[in-house]
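Text of the file query-v5.txt, holding compact mmCIF, C-alpha atoms:
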```
# COMPACT_ATOMS: atom_id res chain seq x y z
CA MET G 13 -5.65 -25.49 -15.91
CA SER G 14 -4.27 -23.37 -13.06
CA ASN G 15 -4.98 -23.46 -9.37
CA PHE G 16 -4.28 -20.55 -7.10
CA VAL G 17 -2.80 -20.18 -3.65
CA VAL G 18 -2.13 -16.94 -1.80
CA THR G 19 0.97 -16.24 0.30
CA ASN G 20 2.34 -13.28 2.21
CA ILE G 21 4.99 -11.02 0.75
CA ASP G 22 7.69 -11.17 3.41
CA GLU G 23 9.20 -7.78 2.57
CA VAL G 24 6.04 -5.94 3.59
CA ASN G 25 5.17 -5.24 7.21
CA GLY G 26 2.06 -3.18 7.80
CA LYS G 27 -1.33 -2.77 9.37
CA GLN G 28 -2.84 -4.31 6.29
CA GLU G 29 -1.68 -7.47 4.58
CA CYS G 30 0.13 -7.58 1.28
CA LYS G 31 -0.14 -10.95 -0.41
CA GLN G 32 0.84 -12.46 -3.73
CA LEU G 33 -0.94 -14.83 -6.02
CA VAL G 34 0.75 -18.20 -6.43
CA ILE G 35 -0.14 -19.94 -9.66
CA VAL G 36 0.06 -23.70 -9.35
CA LYS G 37 0.64 -25.20 -12.77
CA ASN G 38 1.86 -28.73 -13.57
CA GLY G 39 2.91 -29.20 -9.95
CA GLU G 40 5.16 -26.13 -10.03
CA TYR G 41 4.45 -23.00 -8.07
CA LEU G 42 6.05 -19.69 -7.22
CA GLY G 43 4.47 -16.44 -6.14
CA VAL G 44 4.07 -13.89 -8.92
CA PHE G 45 6.02 -11.30 -6.96
CA ASP G 46 8.81 -13.70 -5.93
CA GLU G 47 9.10 -14.96 -9.51
CA PHE G 48 9.31 -11.41 -10.85
CA GLU G 49 11.93 -10.48 -8.24
CA ASN G 50 14.04 -13.52 -9.14
CA SER G 51 13.84 -12.71 -12.86
CA LEU G 52 14.90 -9.07 -12.53
CA GLN G 53 18.21 -7.84 -13.87
CA LYS G 54 20.51 -6.06 -11.41
CA LYS G 55 19.78 -2.68 -12.98
CA TYR G 56 16.24 -2.87 -11.55
CA ASP G 57 17.33 -3.54 -7.94
CA SER G 58 16.83 0.04 -6.84
CA SER G 59 13.38 0.31 -8.50
CA LEU G 60 12.30 -2.93 -6.86
CA VAL G 61 13.29 -1.61 -3.42
CA ALA G 62 11.33 1.57 -4.19
CA ILE G 63 8.23 -0.45 -5.17
CA ILE G 64 8.45 -2.47 -1.94
CA SER G 65 8.88 0.75 0.01
CA ILE G 66 5.66 2.05 -1.57
CA MET G 67 3.91 -1.25 -0.82
CA ASN G 68 4.93 -0.81 2.83
CA ARG G 69 3.42 2.67 2.91
CA VAL G 70 0.18 1.41 1.41
CA ALA G 71 0.08 -1.46 3.92
CA ASN G 72 0.52 1.08 6.71
CA LEU G 73 -2.23 3.30 5.30
CA GLN G 74 0.24 6.15 4.69
CA THR G 75 -0.19 8.67 1.90
CA VAL G 76 1.55 7.83 -1.38
CA SER G 77 1.94 10.01 -4.45
CA PRO G 78 -0.67 8.98 -7.06
CA ASP G 79 2.22 8.85 -9.52
CA LYS G 80 3.52 5.83 -7.59
CA PHE G 81 0.31 4.10 -6.54
CA LYS G 82 -3.10 4.51 -8.10
CA ASP G 83 -6.52 3.02 -8.50
CA ILE G 84 -6.95 1.67 -12.04
CA THR G 85 -10.37 0.08 -11.55
CA PRO G 86 -12.58 0.37 -14.63
CA ASP G 87 -16.06 1.85 -14.08
CA GLY G 88 -18.54 -0.65 -12.73
CA GLU G 89 -15.91 -3.18 -11.68
CA PRO G 90 -16.75 -4.36 -8.13
CA VAL G 91 -13.26 -5.55 -7.13
CA LYS G 92 -10.79 -2.65 -6.92
CA GLU G 93 -7.62 -2.73 -9.01
CA PHE G 94 -4.37 -0.94 -8.21
CA GLU G 95 -1.06 -0.21 -9.88
CA PHE G 96 2.23 0.31 -8.05
CA LYS G 97 4.87 1.93 -10.21
CA TYR G 98 8.42 3.09 -10.01
CA ARG G 99 10.44 4.02 -13.08
CA ASP G 100 10.24 0.99 -15.41
CA LEU G 101 8.53 -1.42 -13.02
CA ARG G 102 4.80 -2.04 -12.60
CA VAL G 103 3.00 -4.18 -10.04
CA TYR G 104 -0.72 -4.88 -10.37
CA ALA G 105 -2.90 -5.72 -7.39
CA ILE G 106 -6.49 -6.15 -6.35
CA LYS G 107 -8.27 -5.31 -3.11
CA VAL G 108 -8.83 -8.30 -0.89
CA PHE G 109 -10.00 -8.65 2.68
CA ASN G 110 -7.69 -6.61 4.90
CA GLY G 111 -5.21 -5.63 2.20
CA LYS G 112 -3.94 -6.08 -1.31
CA LEU G 113 -3.21 -9.13 -3.43
CA ILE G 114 -0.46 -8.82 -6.04
CA VAL G 115 -1.67 -10.55 -9.18
CA LEU G 116 0.92 -9.61 -11.80
CA CYS G 117 4.22 -7.74 -12.14
CA GLY G 118 5.74 -6.30 -15.29
CA TYR G 119 7.49 -3.46 -17.04
CA LYS G 120 6.47 -0.05 -18.33
CA ASN G 121 6.96 -1.09 -21.95
CA SER G 122 4.53 -4.01 -21.63
CA GLN G 123 1.95 -2.14 -19.56
CA LYS G 124 -1.01 -2.44 -21.96
CA LYS G 125 -0.46 -6.15 -22.56
CA ASP G 126 0.14 -6.76 -18.85
CA ILE G 127 -3.07 -5.03 -17.77
CA VAL G 128 -5.04 -7.31 -20.10
CA LYS G 129 -3.26 -10.34 -18.61
CA PHE G 130 -3.76 -8.96 -15.07
CA ARG G 131 -7.52 -8.65 -15.58
CA SER G 132 -7.69 -12.13 -17.02
CA LEU G 133 -5.78 -13.57 -14.03
CA LYS G 134 -7.94 -11.56 -11.66
CA LYS G 135 -11.08 -13.05 -13.21
CA GLN G 136 -9.66 -16.59 -13.08
CA TYR G 137 -8.70 -16.11 -9.44
CA LEU G 138 -12.05 -14.65 -8.39
CA ASP G 139 -13.88 -17.40 -10.33
CA SER G 140 -11.80 -20.00 -8.48
CA LEU G 141 -13.20 -18.68 -5.18
CA LYS G 142 -16.81 -19.29 -6.21
CA MET N 10 14.87 -9.97 -0.83
CA LYS N 11 15.15 -10.23 2.92
CA ARG N 12 13.34 -7.56 4.87
CA ASP N 13 16.42 -6.60 6.86
CA LYS N 14 18.31 -5.99 3.60
CA LEU N 15 15.45 -3.77 2.52
CA LEU N 16 15.56 -1.76 5.74
CA ARG N 17 19.30 -1.26 5.26
CA SER N 18 18.90 0.24 1.79
CA THR N 19 19.04 3.97 1.06
CA GLN N 20 16.37 3.66 -1.61
CA TYR N 21 13.78 2.30 0.84
CA TRP N 22 14.11 5.32 3.15
CA LEU N 23 14.42 7.80 0.29
CA VAL N 24 11.01 6.71 -1.03
CA GLN N 25 9.56 7.04 2.49
CA TRP N 26 10.89 10.61 2.76
CA GLN N 27 9.75 11.53 -0.74
CA ASN N 28 6.23 10.40 0.00
CA ASP N 29 6.17 12.07 3.43
CA LEU N 30 7.05 15.31 1.67
CA TYR N 31 4.37 14.63 -0.94
CA SER N 32 1.92 14.13 1.90
CA ILE N 33 2.55 17.47 3.64
CA ILE N 34 2.51 19.43 0.38
CA HIS N 35 -0.65 17.69 -0.78
CA ASP N 36 -2.33 18.47 2.56
CA TYR N 37 -1.17 22.08 2.36
CA MET N 38 -2.58 22.51 -1.16
CA HIS N 39 -5.83 20.92 -0.07
CA LYS N 40 -6.08 23.13 3.03
CA LYS N 41 -5.40 26.29 1.05
CA ASN N 42 -7.40 25.07 -1.93
CA ILE N 43 -4.64 25.94 -4.40
CA ASN N 44 -3.31 24.13 -7.47
CA ARG N 45 0.25 23.34 -8.53
CA THR N 46 0.69 26.59 -10.44
CA GLU N 47 -0.48 28.68 -7.49
CA LEU N 48 1.73 26.75 -5.08
CA ALA N 49 4.75 27.19 -7.36
CA LYS N 50 4.11 30.94 -7.43
CA GLU N 51 3.74 31.07 -3.64
CA LEU N 52 6.98 29.15 -3.04
CA HIS N 53 8.88 30.98 -5.81
CA VAL N 54 9.73 27.74 -7.61
CA THR N 55 8.82 26.38 -11.03
CA LYS N 56 5.70 24.32 -11.71
CA GLY N 57 7.99 21.52 -12.88
CA TYR N 58 9.71 21.50 -9.50
CA ILE N 59 6.35 21.16 -7.72
CA SER N 60 5.34 18.36 -10.09
CA GLN N 61 8.56 16.54 -9.27
CA VAL N 62 7.83 16.78 -5.55
CA LEU N 63 4.19 15.73 -5.99
CA ASN N 64 5.26 12.76 -8.12
CA GLY N 65 7.31 11.55 -5.15
CA ASP N 66 10.59 12.20 -6.95
CA PHE N 67 12.08 14.91 -4.72
CA ASN N 68 15.82 14.39 -4.31
CA HIS N 69 17.27 17.82 -3.79
CA LYS N 70 19.48 19.37 -1.13
CA ILE N 71 18.53 19.17 2.54
CA ASN N 72 18.01 22.94 2.69
CA LYS N 73 15.33 22.63 -0.02
CA LEU N 74 13.55 19.93 1.97
CA ILE N 75 13.56 22.17 5.05
CA GLU N 76 12.49 25.19 3.02
CA LEU N 77 9.54 23.32 1.47
CA SER N 78 8.45 21.86 4.81
CA LEU N 79 8.56 25.24 6.54
CA SER N 80 6.68 26.85 3.65
CA CYS N 81 3.91 24.33 4.30
CA GLY N 82 3.91 25.15 8.00
CA LYS N 83 5.70 21.96 9.05
CA ILE N 84 8.97 21.39 10.88
CA PRO N 85 10.99 18.46 9.48
CA ILE N 86 12.17 16.76 12.67
CA VAL N 87 14.47 13.81 11.96
CA ASN N 88 14.78 10.95 14.42
CA TYR N 89 17.87 8.78 14.30
CA ILE N 90 16.98 5.28 15.45
CA ASP N 91 19.44 2.45 15.98
CA LEU N 92 19.26 0.32 12.82
CA GLU N 93 19.84 -3.07 14.47
CA LYS N 94 17.26 -2.33 17.14
CA TYR N 95 14.77 -1.20 14.49
CA ILE N 96 15.27 -4.37 12.44
CA LYS N 97 14.85 -6.54 15.53
CA GLU N 98 11.65 -4.76 16.58
CA ASP N 99 10.31 -4.84 13.02
CA ALA N 100 10.77 -8.63 12.93
CA ILE N 101 8.89 -8.98 16.22
CA THR N 102 6.00 -6.84 14.94
CA LYS N 103 5.84 -8.81 11.72
CA GLY N 104 5.85 -12.09 13.62
CA ALA N 105 3.01 -10.88 15.78
CA ILE N 106 0.90 -9.98 12.77
CA ASN N 107 1.50 -13.26 11.02
CA VAL N 108 0.45 -15.61 13.80
CA SER N 109 -1.48 -18.17 11.78
CA ASN N 110 -4.36 -18.63 14.17
CA THR N 111 -5.06 -14.91 14.57
CA ARG N 112 -8.63 -14.16 13.66
CA THR N 113 -9.21 -10.82 11.99
CA ILE N 114 -12.75 -9.68 11.50
CA ASP N 115 -13.68 -6.60 9.52
CA TYR N 116 -17.07 -5.41 10.70
CA HIS N 117 -18.74 -2.26 9.48
CA LEU N 118 -21.06 -1.07 12.20
CA SER N 119 -23.71 1.57 12.02
CA ILE N 120 -24.05 3.25 15.42
CA ASN N 121 -26.39 6.15 15.99
CA SER N 122 -25.12 9.20 17.84
CA GLY N 123 -25.98 8.90 21.51
CA ASP N 124 -25.63 5.13 21.47
CA SER N 125 -23.03 3.92 23.89
CA PHE N 126 -21.18 0.65 24.08
CA GLN N 127 -18.27 -0.98 25.82
CA VAL N 128 -15.59 -3.04 24.17
CA ASN N 129 -14.67 -6.03 26.28
CA LYS N 130 -13.94 -9.70 25.85
CA GLU N 131 -17.59 -10.39 25.23
CA SER N 132 -17.87 -7.76 22.53
CA LEU N 133 -17.01 -10.16 19.74
CA LYS N 134 -20.01 -12.28 20.67
CA ALA N 135 -22.13 -9.15 20.81
CA ILE N 136 -20.92 -8.03 17.41
CA GLU N 137 -21.49 -11.43 15.91
CA ALA N 138 -24.99 -11.45 17.36
CA LEU N 139 -25.70 -8.36 15.28
CA SER N 140 -25.24 -10.33 12.10
CA SER N 141 -28.81 -11.51 12.40
CA TYR N 142 -29.82 -7.95 11.57
CA SER N 143 -27.65 -7.85 8.50
CA THR N 144 -29.08 -6.66 5.23
CA ASP N 145 -25.84 -6.86 3.31
CA ILE N 146 -23.12 -9.49 3.37
CA ASN N 147 -20.44 -6.86 4.07
CA CYS N 148 -22.39 -4.63 6.40
CA TYR N 149 -23.65 -5.54 9.85
CA SER N 150 -25.87 -3.14 11.67
CA GLY N 151 -28.22 -3.25 14.61
CA THR N 152 -28.72 -2.01 18.13
CA PHE N 153 -26.34 -2.52 21.00
CA TRP N 154 -27.94 -3.89 24.12
```

Written as structure tokens, that's how I'd like the structure from this file.
Amino acid sequence: MSNFVVTNIDEVNGKQECKQLVIVKNGEYLGVFDEFENSLQKKYDSSLVAIISIMNRVANLQTVSPDKFKDITPDGEPVKEFEFKYRDLRVYAIKVFNGKLIVLCGYKNSQKKDIVKFRSLKKQYLDSLK
Amino acid sequence: MKRDKLLRSTQYWLVQWQNDLYSIIHDYMHKKNINRTELAKELHVTKGYISQVLNGDFNHKINKLIELSLSCGKIPIVNYIDLEKYIKEDAITKGAINVSNTRTIDYHLSINSGDSFQVNKESLKAIEALSSYSTDINCYSGTFW
């Protein structure tokens, strides 16, 4: 059984908020974005900076190439879903009040599997708010 | 990663520039109602080159950046800002946004043309009073007194 908390992503400064989901499990907790960042190998440093740069643009309501940030919401889904991408990295978010909430991070080669997991986490999180 | 480390990295600013360039080219294409192929022909470059720019992956010579900007009717003016000052001011802005007791309210108001209203310290109360006319949880509409 997981509980959820939401915290700010410190690297992003914008007109809108950029938050991350914190999954509290067995008394341990770490934000999904922070955990991903800590787990990354050095070769991804530059891509991570690029992703955060894109997140800053989105938070400041600046235009971003759809190749780097796009709406991936399935038809009929009321809560918007977004994907940030840069080279091999992927970050999945949902629309929340006044910004975006990062729900899952992953790699290009696990994209399909990650999107399934992202939607499952999204559902669990939204259900937890009811 | 600390935000000041981020602001000191080349990659952070490169992505900002790449997407600024994407933005002006996208606007230009929209304004002229042309596609990538037509734009490539107009700028005497390949379609692949345009795709690279529109994917936010432009990383060519400075003269190409200027050439593309001018072709889209824009002048690329570069401002050099003191890094330490920028980082300091950025931290202040971020602190201001994250004050924990700040109350942010997102109201969607429907106001008819010709209606006039003033925004003052009482306006929040006035806006909240409109909620009694709400028909949707996310949309407040009514008449300003």

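Selecting by distance to (1.2, -6.3, -6.2) with a limit of 6 Å and using all atoms listed in the file, one obtains Val103, Tyr104, Ala105, Leu113, Ile114 and Val115 of chain G.
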
Would you give me, as JSON lines, each residue of chain G having an atom within 12 Å of an atom of chain N, along with its shortest atom pair and that distance in Å to one decimal, using all atoms listed in the file and sorting by chain and residue number?
```
{"residue": "G:Thr19", "atom": "CA", "partner": "N:Asn107", "partner_atom": "CA", "distance": 11.1}
{"residue": "G:Asn20", "atom": "CA", "partner": "N:Asn107", "partner_atom": "CA", "distance": 8.8}
{"residue": "G:Ile21", "atom": "CA", "partner": "N:Arg12", "partner_atom": "CA", "distance": 9.9}
{"residue": "G:Asp22", "atom": "CA", "partner": "N:Arg12", "partner_atom": "CA", "distance": 6.9}
{"residue": "G:Glu23", "atom": "CA", "partner": "N:Arg12", "partner_atom": "CA", "distance": 4.7}
{"residue": "G:Val24", "atom": "CA", "partner": "N:Arg12", "partner_atom": "CA", "distance": 7.6}
{"residue": "G:Asn25", "atom": "CA", "partner": "N:Lys103", "partner_atom": "CA", "distance": 5.8}
{"residue": "G:Gly26", "atom": "CA", "partner": "N:Lys103", "partner_atom": "CA", "distance": 7.8}
{"residue": "G:Lys27", "atom": "CA", "partner": "N:Ile106", "partner_atom": "CA", "distance": 8.3}
{"residue": "G:Gln28", "atom": "CA", "partner": "N:Ile106", "partner_atom": "CA", "distance": 9.4}
{"residue": "G:Glu29", "atom": "CA", "partner": "N:Ile106", "partner_atom": "CA", "distance": 8.9}
{"residue": "G:Cys30", "atom": "CA", "partner": "N:Asn107", "partner_atom": "CA", "distance": 11.4}
{"residue": "G:Lys31", "atom": "CA", "partner": "N:Asn107", "partner_atom": "CA", "distance": 11.8}
{"residue": "G:Phe45", "atom": "CA", "partner": "N:Met10", "partner_atom": "CA", "distance": 10.8}
{"residue": "G:Asp46", "atom": "CA", "partner": "N:Met10", "partner_atom": "CA", "distance": 8.8}
{"residue": "G:Glu47", "atom": "CA", "partner": "N:Met10", "partner_atom": "CA", "distance": 11.6}
{"residue": "G:Phe48", "atom": "CA", "partner": "N:Met10", "partner_atom": "CA", "distance": 11.5}
{"residue": "G:Glu49", "atom": "CA", "partner": "N:Met10", "partner_atom": "CA", "distance": 8.0}
{"residue": "G:Asn50", "atom": "CA", "partner": "N:Met10", "partner_atom": "CA", "distance": 9.1}
{"residue": "G:Leu52", "atom": "CA", "partner": "N:Met10", "partner_atom": "CA", "distance": 11.7}
{"residue": "G:Tyr56", "atom": "CA", "partner": "N:Gln20", "partner_atom": "CA", "distance": 11.9}
{"residue": "G:Asp57", "atom": "CA", "partner": "N:Gln20", "partner_atom": "CA", "distance": 9.6}
{"residue": "G:Ser58", "atom": "CA", "partner": "N:Gln20", "partner_atom": "CA", "distance": 6.4}
{"residue": "G:Ser59", "atom": "CA", "partner": "N:Gln20", "partner_atom": "CA", "distance": 8.2}
{"residue": "G:Leu60", "atom": "CA", "partner": "N:Gln20", "partner_atom": "CA", "distance": 9.4}
{"residue": "G:Val61", "atom": "CA", "partner": "N:Tyr21", "partner_atom": "CA", "distance": 5.8}
{"residue": "G:Ala62", "atom": "CA", "partner": "N:Tyr21", "partner_atom": "CA", "distance": 5.6}
{"residue": "G:Ile63", "atom": "CA", "partner": "N:Tyr21", "partner_atom": "CA", "distance": 8.6}
{"residue": "G:Ile64", "atom": "CA", "partner": "N:Tyr21", "partner_atom": "CA", "distance": 7.7}
{"residue": "G:Ser65", "atom": "CA", "partner": "N:Tyr21", "partner_atom": "CA", "distance": 5.2}
{"residue": "G:Ile66", "atom": "CA", "partner": "N:Val24", "partner_atom": "CA", "distance": 7.1}
{"residue": "G:Met67", "atom": "CA", "partner": "N:Gln25", "partner_atom": "CA", "distance": 10.6}
{"residue": "G:Asn68", "atom": "CA", "partner": "N:Gln25", "partner_atom": "CA", "distance": 9.1}
{"residue": "G:Arg69", "atom": "CA", "partner": "N:Gln25", "partner_atom": "CA", "distance": 7.5}
{"residue": "G:Val70", "atom": "CA", "partner": "N:Asn28", "partner_atom": "CA", "distance": 10.9}
{"residue": "G:Asn72", "atom": "CA", "partner": "N:Gln25", "partner_atom": "CA", "distance": 11.6}
{"residue": "G:Gln74", "atom": "CA", "partner": "N:Asp29", "partner_atom": "CA", "distance": 8.5}
{"residue": "G:Thr75", "atom": "CA", "partner": "N:Ser32", "partner_atom": "CA", "distance": 5.9}
{"residue": "G:Val76", "atom": "CA", "partner": "N:Asn28", "partner_atom": "CA", "distance": 5.5}
{"residue": "G:Ser77", "atom": "CA", "partner": "N:Gly65", "partner_atom": "CA", "distance": 5.6}
{"residue": "G:Pro78", "atom": "CA", "partner": "N:Asn64", "partner_atom": "CA", "distance": 7.1}
{"residue": "G:Asp79", "atom": "CA", "partner": "N:Asn64", "partner_atom": "CA", "distance": 5.1}
{"residue": "G:Lys80", "atom": "CA", "partner": "N:Asn64", "partner_atom": "CA", "distance": 7.2}
{"residue": "G:Phe81", "atom": "CA", "partner": "N:Asn64", "partner_atom": "CA", "distance": 10.1}
{"residue": "G:Lys82", "atom": "CA", "partner": "N:Asn64", "partner_atom": "CA", "distance": 11.7}
{"residue": "G:Lys97", "atom": "CA", "partner": "N:Asn64", "partner_atom": "CA", "distance": 11.0}
{"residue": "G:Tyr98", "atom": "CA", "partner": "N:Gly65", "partner_atom": "CA", "distance": 9.8}
{"residue": "G:Arg99", "atom": "CA", "partner": "N:Asp66", "partner_atom": "CA", "distance": 10.2}
{"residue": "G:Val108", "atom": "CA", "partner": "N:Asp115", "partner_atom": "CA", "distance": 11.6}
{"residue": "G:Phe109", "atom": "CA", "partner": "N:Asp115", "partner_atom": "CA", "distance": 8.0}
{"residue": "G:Asn110", "atom": "CA", "partner": "N:Asp115", "partner_atom": "CA", "distance": 7.6}
{"residue": "G:Gly111", "atom": "CA", "partner": "N:Asp115", "partner_atom": "CA", "distance": 11.2}
```

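CA of Thr46 (chain N) is positioned 18.0 Å from CA of Glu76 (chain N).
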
(request) Work out how far apart CA of Ile96 (chain N) and CA of Ser51 (chain G) are and give it in Å to one decimal. (result) 26.7 Å

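When CA of Glu98 (chain N) is paired with CA of Ile106 (chain G), their separation reads 29.3 Å.
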
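Using all atoms listed in the file, the nearest neighbour of Asp83 (chain G) within the list G:Tyr41, G:Lys107, G:Leu141, G:Val128 is G:Lys107.
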
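Within the 10 Å cut-off around Leu133 (chain G), using all atoms listed in the file and omitting residues fewer than 6 positions from it on the same chain, the listed residues are G:Ser14, G:Phe16, G:Leu33, G:Ile35, G:Val115, G:Leu116, G:Ile127, G:Asp139.
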
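Proximity of N:Lys56, N:Trp26, N:Cys81, N:Asn72 to Lys40 (chain N), computed with only C-alpha atoms, is greatest for N:Cys81.
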